[in-house]
Amino acid sequence: MSKKIGLMGCGNVATYGHLPAIRDTAGLELHAIYDPDASRARDLASPHRFNVRHACHTEEAFFASGIDAVAITSPAPAHEANVLAAAKHGLPILCEKPLSMSKEQGQRMIEATDAAGVPLYVAFCYRFSPSALKIKDLVAEGAIGDVRSLRLIYNWDCHGKYNQRDPEQGVAPHRHGRMLEGGPMVDCGTHQIDLAQWWLGSPVVNARGHGAWADDYEAPDHVYAHLDHDNGAHTMVEISYGFGHTMKDPESLFLYQLIGTDGVITYDRNIGRFELRNTEGTQTLKYHHEKDFAGMYRAFAKALETGDANNLPTAAEGLRVTDLAVEVTEQVMEARRVVSE
Ligand SMILES: NC(=O)c1ccc[n+]([C@@H]2O[C@H](COP(=O)([O-])OP(=O)(O)OC[C@H]3O[C@@H](n4cnc5c(N)ncnc54)[C@H](O)[C@@H]3O)[C@@H](O)[C@H]2O)c1
């Protein structure tokens, strides 16, 4: 029998990522959606959009709709309340990243789901890209020997500072919200930090942050994380939301490079290149987009069926990743305070 999924938070990522994936995944049924903004839930539930039986603008109606599991796609500051409510109703949860706004919040979420006996997974959808899964296999096979260094870069403008890229239209709420919630390392860099630990099977034991400001938020908009893993490897994550954030013609830079004792794996989104170079030569690999919501929901469907996490990041992993992103960001802010004193 299909599991009835309810989704909380009918915004951007729900519309392009989660809702189509839930709708199209065998074993899942898109049963209810909730948003405090009634018009958003109503619009997405309509027959010409996702055709959802229950469009709710109160949590009471949502949890009374007969759902078996919850997907949370609300903004990060709302995750804790959404998770606690789902746990209270005994429902398994897949929650968007960043899991929480603080360590304490994350711990409360883990305690509540543990007490309720329900799993809490974090929606790091990058893990489910066939390219990311291939990298995991290549690392495990030793295709580039011992992996010593990772360069994971995503520099972009987070859709730009201004609505429609026109200053007269005002500041765009999307980027503005993400900058207030901790900036690019906390919002986007969490994907890369998660990938580094997951690919290497090795936790980060030491983190240092450096960064710069192209804009005037408290959080830096261009951040470098230098992460030492317990196996001696090093990861550099570079993430920017200030990469031409006022440019009329935006561009981005998205790259993974894994450097080993016997070769290099390169995934370069800018030119669609995914390849392995090692002692045997060069192998061109099938390139896939860096995100895969459908793969993530296939894993969620299986997890609901079997109880096995199936590569889905646990809440403990998600919380550790968020902690690292926050720690690195705070180091950058502290360095600026010291310089300005
Ligand atoms: N995995 C990814 O690639 C990816 C991409 C973008 C965003 N995200 C994450 O997804 C989350 C949502 O981002 P977005 O860009 O869709 O935001 P958004 O602002 O477009 O949408 C959020 C929606 O949640 C609703 N909402 C507000 N408070 C709520 C509450 N208490 N309960 C339920 N819904 C509530 C809002 O009305 C809005 O419709 C964030 O955590 C963000 O970091 C992930």
# chains A, B, ... in the order shown; residues from 1 in each chain; ligands from 1

$ closest_atom_pairs --of "chain A" --to "ligand 1" --cutoff "8 Å" --atoms "only C-alpha atoms and all ligand atoms" --output "JSON lines"
{"residue": "A:Met8", "atom": "CA", "partner": "ligand 1", "partner_atom_place_in_ligand_line": "33 (C)", "distance": 4.6}
{"residue": "A:Gly9", "atom": "CA", "partner": "ligand 1", "partner_atom_place_in_ligand_line": "34 (N)", "distance": 3.3}
{"residue": "A:Cys10", "atom": "CA", "partner": "ligand 1", "partner_atom_place_in_ligand_line": "39 (O)", "distance": 4.1}
{"residue": "A:Gly11", "atom": "CA", "partner": "ligand 1", "partner_atom_place_in_ligand_line": "21 (O)", "distance": 3.2}
{"residue": "A:Asn12", "atom": "CA", "partner": "ligand 1", "partner_atom_place_in_ligand_line": "16 (O)", "distance": 3.6}
{"residue": "A:Val13", "atom": "CA", "partner": "ligand 1", "partner_atom_place_in_ligand_line": "16 (O)", "distance": 3.8}
{"residue": "A:Ala14", "atom": "CA", "partner": "ligand 1", "partner_atom_place_in_ligand_line": "16 (O)", "distance": 5.7}
{"residue": "A:Thr15", "atom": "CA", "partner": "ligand 1", "partner_atom_place_in_ligand_line": "16 (O)", "distance": 7.6}
{"residue": "A:Gly17", "atom": "CA", "partner": "ligand 1", "partner_atom_place_in_ligand_line": "2 (C)", "distance": 7.8}
{"residue": "A:Tyr34", "atom": "CA", "partner": "ligand 1", "partner_atom_place_in_ligand_line": "33 (C)", "distance": 6.3}
{"residue": "A:Asp35", "atom": "CA", "partner": "ligand 1", "partner_atom_place_in_ligand_line": "34 (N)", "distance": 4.5}
{"residue": "A:Pro36", "atom": "CA", "partner": "ligand 1", "partner_atom_place_in_ligand_line": "35 (C)", "distance": 5.8}
{"residue": "A:Asp37", "atom": "CA", "partner": "ligand 1", "partner_atom_place_in_ligand_line": "37 (O)", "distance": 5.2}
{"residue": "A:Arg40", "atom": "CA", "partner": "ligand 1", "partner_atom_place_in_ligand_line": "39 (O)", "distance": 6.2}
{"residue": "A:Ala41", "atom": "CA", "partner": "ligand 1", "partner_atom_place_in_ligand_line": "39 (O)", "distance": 7.9}
{"residue": "A:Ile72", "atom": "CA", "partner": "ligand 1", "partner_atom_place_in_ligand_line": "33 (C)", "distance": 7.5}
{"residue": "A:Thr73", "atom": "CA", "partner": "ligand 1", "partner_atom_place_in_ligand_line": "11 (C)", "distance": 4.6}
{"residue": "A:Ser74", "atom": "CA", "partner": "ligand 1", "partner_atom_place_in_ligand_line": "24 (O)", "distance": 3.6}
{"residue": "A:Pro75", "atom": "CA", "partner": "ligand 1", "partner_atom_place_in_ligand_line": "40 (C)", "distance": 4.2}
{"residue": "A:Ala76", "atom": "CA", "partner": "ligand 1", "partner_atom_place_in_ligand_line": "41 (O)", "distance": 4.2}
{"residue": "A:Pro77", "atom": "CA", "partner": "ligand 1", "partner_atom_place_in_ligand_line": "41 (O)", "distance": 8.0}
{"residue": "A:Ala78", "atom": "CA", "partner": "ligand 1", "partner_atom_place_in_ligand_line": "31 (N)", "distance": 4.6}
{"residue": "A:His79", "atom": "CA", "partner": "ligand 1", "partner_atom_place_in_ligand_line": "31 (N)", "distance": 7.4}
{"residue": "A:Ala81", "atom": "CA", "partner": "ligand 1", "partner_atom_place_in_ligand_line": "31 (N)", "distance": 7.0}
{"residue": "A:Asn82", "atom": "CA", "partner": "ligand 1", "partner_atom_place_in_ligand_line": "32 (N)", "distance": 6.2}
{"residue": "A:Glu96", "atom": "CA", "partner": "ligand 1", "partner_atom_place_in_ligand_line": "41 (O)", "distance": 5.1}
{"residue": "A:Lys97", "atom": "CA", "partner": "ligand 1", "partner_atom_place_in_ligand_line": "41 (O)", "distance": 5.0}
{"residue": "A:Pro98", "atom": "CA", "partner": "ligand 1", "partner_atom_place_in_ligand_line": "41 (O)", "distance": 5.6}
{"residue": "A:Leu99", "atom": "CA", "partner": "ligand 1", "partner_atom_place_in_ligand_line": "41 (O)", "distance": 7.4}
{"residue": "A:Ala123", "atom": "CA", "partner": "ligand 1", "partner_atom_place_in_ligand_line": "1 (N)", "distance": 6.2}
{"residue": "A:Phe124", "atom": "CA", "partner": "ligand 1", "partner_atom_place_in_ligand_line": "1 (N)", "distance": 5.9}
{"residue": "A:Cys125", "atom": "CA", "partner": "ligand 1", "partner_atom_place_in_ligand_line": "1 (N)", "distance": 5.6}
{"residue": "A:Tyr126", "atom": "CA", "partner": "ligand 1", "partner_atom_place_in_ligand_line": "3 (O)", "distance": 7.5}
{"residue": "A:His174", "atom": "CA", "partner": "ligand 1", "partner_atom_place_in_ligand_line": "19 (O)", "distance": 6.5}
{"residue": "A:Gly177", "atom": "CA", "partner": "ligand 1", "partner_atom_place_in_ligand_line": "19 (O)", "distance": 7.8}
{"residue": "A:Arg178", "atom": "CA", "partner": "ligand 1", "partner_atom_place_in_ligand_line": "43 (O)", "distance": 7.3}
{"residue": "A:Asp187", "atom": "CA", "partner": "ligand 1", "partner_atom_place_in_ligand_line": "43 (O)", "distance": 5.3}
{"residue": "A:Cys188", "atom": "CA", "partner": "ligand 1", "partner_atom_place_in_ligand_line": "43 (O)", "distance": 7.3}
{"residue": "A:His191", "atom": "CA", "partner": "ligand 1", "partner_atom_place_in_ligand_line": "1 (N)", "distance": 7.9}
{"residue": "A:Lys291", "atom": "CA", "partner": "ligand 1", "partner_atom_place_in_ligand_line": "3 (O)", "distance": 6.7}

$ select_by_dssp --residues "region 75-122 of chain A" --states "helix (DSSP H, G or I)" --output "list in words"
Ala76, Pro77, Ala78, His79, Glu80, Ala81, Asn82, Val83, Leu84, Ala85, Ala86, Ala87, Lys88, Lys103, Glu104, Gln105, Gly106, Gln107, Arg108, Met109, Ile110, Glu111, Ala112, Thr113, Asp114, Ala115 and Ala116 of chain A

$ residues_around --residues "His18 (chain A)" --least-positions-apart "5" --cutoff "9 Å" --atoms "only C-alpha atoms" --output "list of chain:residue names"
A:Leu7, A:Val13, A:Arg23, A:Ala71, A:Thr73, A:Phe293, A:Ala294, A:Tyr297

$ write_last_selection --atoms "all heavy atoms" --output "tab-separated table (two decimals), in the first residue's frame"
chain	number	residue	atom	x	y	z
A	7	LEU	N	3.07	17.37	3.06
A	7	LEU	CA	4.21	18.29	2.93
A	7	LEU	C	3.88	19.61	3.61
A	7	LEU	O	2.78	20.15	3.43
A	7	LEU	CB	4.53	18.50	1.44
A	7	LEU	CG	5.60	19.54	1.13
A	7	LEU	CD1	6.52	19.02	0.01
A	7	LEU	CD2	4.98	20.87	0.70
A	13	VAL	N	11.24	25.38	-3.21
A	13	VAL	CA	11.83	24.05	-3.36
A	13	VAL	C	10.75	22.96	-3.37
A	13	VAL	O	10.92	21.92	-4.00
A	13	VAL	CB	12.90	23.80	-2.29
A	13	VAL	CG1	12.31	23.48	-0.93
A	13	VAL	CG2	13.86	22.70	-2.72
A	23	ARG	N	4.99	13.03	-6.13
A	23	ARG	CA	3.91	12.62	-7.06
A	23	ARG	C	4.35	11.45	-7.94
A	23	ARG	O	3.58	10.53	-8.21
A	23	ARG	CB	3.53	13.82	-7.92
A	23	ARG	CG	2.44	13.54	-8.95
A	23	ARG	CD	2.37	14.67	-9.95
A	23	ARG	NE	3.64	14.83	-10.66
A	23	ARG	CZ	4.01	15.92	-11.35
A	23	ARG	NH1	3.19	16.95	-11.41
A	23	ARG	NH2	5.17	15.98	-11.97
A	71	ALA	N	7.00	15.51	4.82
A	71	ALA	CA	8.15	16.20	4.21
A	71	ALA	C	8.08	17.65	4.65
A	71	ALA	O	7.01	18.29	4.56
A	71	ALA	CB	8.07	16.11	2.69
A	73	THR	N	9.38	21.42	4.11
A	73	THR	CA	10.04	22.32	3.14
A	73	THR	C	9.74	23.78	3.49
A	73	THR	O	9.69	24.63	2.62
A	73	THR	CB	9.59	21.99	1.70
A	73	THR	OG1	8.16	22.06	1.66
A	73	THR	CG2	10.03	20.62	1.27
A	293	PHE	N	15.95	14.96	-6.58
A	293	PHE	CA	14.86	14.81	-5.63
A	293	PHE	C	14.15	13.46	-5.81
A	293	PHE	O	13.71	12.86	-4.85
A	293	PHE	CB	13.85	15.96	-5.80
A	293	PHE	CG	14.38	17.28	-5.33
A	293	PHE	CD1	15.01	18.15	-6.21
A	293	PHE	CD2	14.29	17.66	-4.00
A	293	PHE	CE1	15.52	19.37	-5.79
A	293	PHE	CE2	14.80	18.88	-3.56
A	293	PHE	CZ	15.41	19.74	-4.46
A	294	ALA	N	14.06	13.01	-7.07
A	294	ALA	CA	13.37	11.74	-7.32
A	294	ALA	C	14.12	10.59	-6.64
A	294	ALA	O	13.51	9.72	-6.00
A	294	ALA	CB	13.25	11.50	-8.83
A	297	TYR	N	13.47	10.62	-2.95
A	297	TYR	CA	12.15	10.10	-2.55
A	297	TYR	C	12.03	8.59	-2.79
A	297	TYR	O	11.30	7.91	-2.07
A	297	TYR	CB	11.00	10.89	-3.18
A	297	TYR	CG	10.70	12.10	-2.32
A	297	TYR	CD1	11.20	13.35	-2.66
A	297	TYR	CD2	9.99	11.97	-1.14
A	297	TYR	CE1	10.96	14.45	-1.83
A	297	TYR	CE2	9.74	13.06	-0.32
A	297	TYR	CZ	10.23	14.29	-0.67
A	297	TYR	OH	10.01	15.36	0.17

$ atom_distance --atom1 "CA of Glu168 (chain A)" --atom2 "CA of Phe243 (chain A)"
20.4 Å

$ closest_atom_pairs --of "region 112-192 of chain A" --to "region 270-289 of chain A" --cutoff "9 Å" --atoms "only C-alpha atoms" --output "Markdown table"
| residue | atom | partner | partner_atom | distance |
| --- | --- | --- | --- | --- |
| A:Tyr126 | CA | A:His289 | CA | 8.9 |
| A:Ser129 | CA | A:His289 | CA | 6.6 |
| A:Pro130 | CA | A:His288 | CA | 6.3 |
| A:Ser131 | CA | A:His288 | CA | 5.7 |
| A:Ala132 | CA | A:His288 | CA | 8.7 |
| A:Lys134 | CA | A:Leu285 | CA | 8.8 |
| A:Leu138 | CA | A:Leu276 | CA | 8.9 |
| A:Ala143 | CA | A:Asn278 | CA | 7.2 |
| A:Ile144 | CA | A:Asn278 | CA | 6.0 |
| A:Gly145 | CA | A:Asn278 | CA | 8.7 |

$ residues_around --residues "Val70 (chain A)" --least-positions-apart "6" --cutoff "10 Å" --atoms "only C-alpha atoms" --output "list in words"
Lys4, Ile5, Gly6, Leu7, Met8, Ala32, Ile33, Phe63, Asn82, Val83, Ala86, Ala87, Leu91, Pro92, Ile93, Leu94, Cys95 and Leu120 of chain A

$ closest_residue --among "A:Lys248, A:Lys3, A:His48, A:Arg53" --to "Arg298 (chain A)" --atoms "only C-alpha atoms"
A:Lys3

$ residues_around --residues "Gln192 (chain A)" --least-positions-apart "3" --cutoff "12 Å" --atoms "only C-alpha atoms" --output "ChimeraX atom specification"
/A:97,124-127,132,150-154,184-189,195-199,224-227,235-239,254-257,290-291,318,321-322,324-325

$ select_by_dssp --residues "region 77-260 of chain A" --states "strand (DSSP E)" --output "ChimeraX atom specification"
/A:93-95,120-122,147-155,204-212,222-229,234-240,253-260

$ write_last_selection --atoms "C-alpha atoms" --output "PDB file, in the first residue's frame"
ATOM      1  CA  ILE A  93      10.013  12.918   8.717  1.00  0.00           C
ATOM      2  CA  LEU A  94      12.197  14.082   5.838  1.00  0.00           C
ATOM      3  CA  CYS A  95      13.243  17.674   6.638  1.00  0.00           C
ATOM      4  CA  LEU A 120      14.128  12.106  11.124  1.00  0.00           C
ATOM      5  CA  TYR A 121      16.080  12.342   7.850  1.00  0.00           C
ATOM      6  CA  VAL A 122      17.636  15.444   6.313  1.00  0.00           C
ATOM      7  CA  VAL A 147      41.645  10.598  -1.397  1.00  0.00           C
ATOM      8  CA  ARG A 148      43.720  13.389   0.131  1.00  0.00           C
ATOM      9  CA  SER A 149      41.988  16.619  -0.871  1.00  0.00           C
ATOM     10  CA  LEU A 150      38.536  17.796  -1.975  1.00  0.00           C
ATOM     11  CA  ARG A 151      37.721  21.118  -3.664  1.00  0.00           C
ATOM     12  CA  LEU A 152      33.968  21.747  -3.627  1.00  0.00           C
ATOM     13  CA  ILE A 153      32.963  25.089  -5.092  1.00  0.00           C
ATOM     14  CA  TYR A 154      29.618  26.760  -5.698  1.00  0.00           C
ATOM     15  CA  ASN A 155      29.825  30.464  -6.395  1.00  0.00           C
ATOM     16  CA  VAL A 204      35.425  16.401  10.015  1.00  0.00           C
ATOM     17  CA  VAL A 205      37.454  16.874  13.184  1.00  0.00           C
ATOM     18  CA  ASN A 206      38.690  20.421  12.680  1.00  0.00           C
ATOM     19  CA  ALA A 207      37.074  23.371  10.844  1.00  0.00           C
ATOM     20  CA  ARG A 208      38.387  26.817   9.951  1.00  0.00           C
ATOM     21  CA  GLY A 209      36.550  29.573   8.112  1.00  0.00           C
ATOM     22  CA  HIS A 210      37.731  32.460   5.987  1.00  0.00           C
ATOM     23  CA  GLY A 211      35.584  34.812   4.002  1.00  0.00           C
ATOM     24  CA  ALA A 212      34.632  38.152   2.566  1.00  0.00           C
ATOM     25  CA  HIS A 222      31.634  34.552   0.275  1.00  0.00           C
ATOM     26  CA  VAL A 223      32.925  31.823   2.580  1.00  0.00           C
ATOM     27  CA  TYR A 224      35.743  29.289   2.515  1.00  0.00           C
ATOM     28  CA  ALA A 225      35.601  26.312   4.882  1.00  0.00           C
ATOM     29  CA  HIS A 226      38.798  24.369   5.486  1.00  0.00           C
ATOM     30  CA  LEU A 227      37.885  21.025   6.961  1.00  0.00           C
ATOM     31  CA  ASP A 228      40.247  18.327   8.274  1.00  0.00           C
ATOM     32  CA  HIS A 229      38.850  14.796   8.256  1.00  0.00           C
ATOM     33  CA  HIS A 234      41.343  17.892   3.729  1.00  0.00           C
ATOM     34  CA  THR A 235      38.239  19.498   2.196  1.00  0.00           C
ATOM     35  CA  MET A 236      37.965  23.071   0.967  1.00  0.00           C
ATOM     36  CA  VAL A 237      34.390  24.270   0.435  1.00  0.00           C
ATOM     37  CA  GLU A 238      33.995  27.645  -1.272  1.00  0.00           C
ATOM     38  CA  ILE A 239      30.457  29.031  -1.382  1.00  0.00           C
ATOM     39  CA  SER A 240      29.298  32.456  -2.470  1.00  0.00           C
ATOM     40  CA  LEU A 253      30.864  28.317 -10.881  1.00  0.00           C
ATOM     41  CA  PHE A 254      30.103  24.775  -9.704  1.00  0.00           C
ATOM     42  CA  LEU A 255      32.883  22.237  -9.308  1.00  0.00           C
ATOM     43  CA  TYR A 256      33.835  19.093  -7.412  1.00  0.00           C
ATOM     44  CA  GLN A 257      37.416  17.841  -7.522  1.00  0.00           C
ATOM     45  CA  LEU A 258      38.599  14.883  -5.514  1.00  0.00           C
ATOM     46  CA  ILE A 259      42.367  14.565  -5.511  1.00  0.00           C
ATOM     47  CA  GLY A 260      43.875  11.203  -4.582  1.00  0.00           C
TER      48      GLY A 260
END

$ closest_residue --among "A:Met101, A:Leu133, A:Ala45, A:Ala26" --to "Met1 (chain A)" --atoms "only C-alpha atoms"
A:Ala26

$ residues_around --residues "His159 (chain A)" --least-positions-apart "2" --cutoff "10 Å" --atoms "only C-alpha atoms" --output "list in words"
Trp156, Asp157, Lys161, Tyr162, Asn163, Gln164, Arg165, Ala172, Pro173, His174, Arg175, Tyr241, His245, Thr246 and Pro250 of chain A
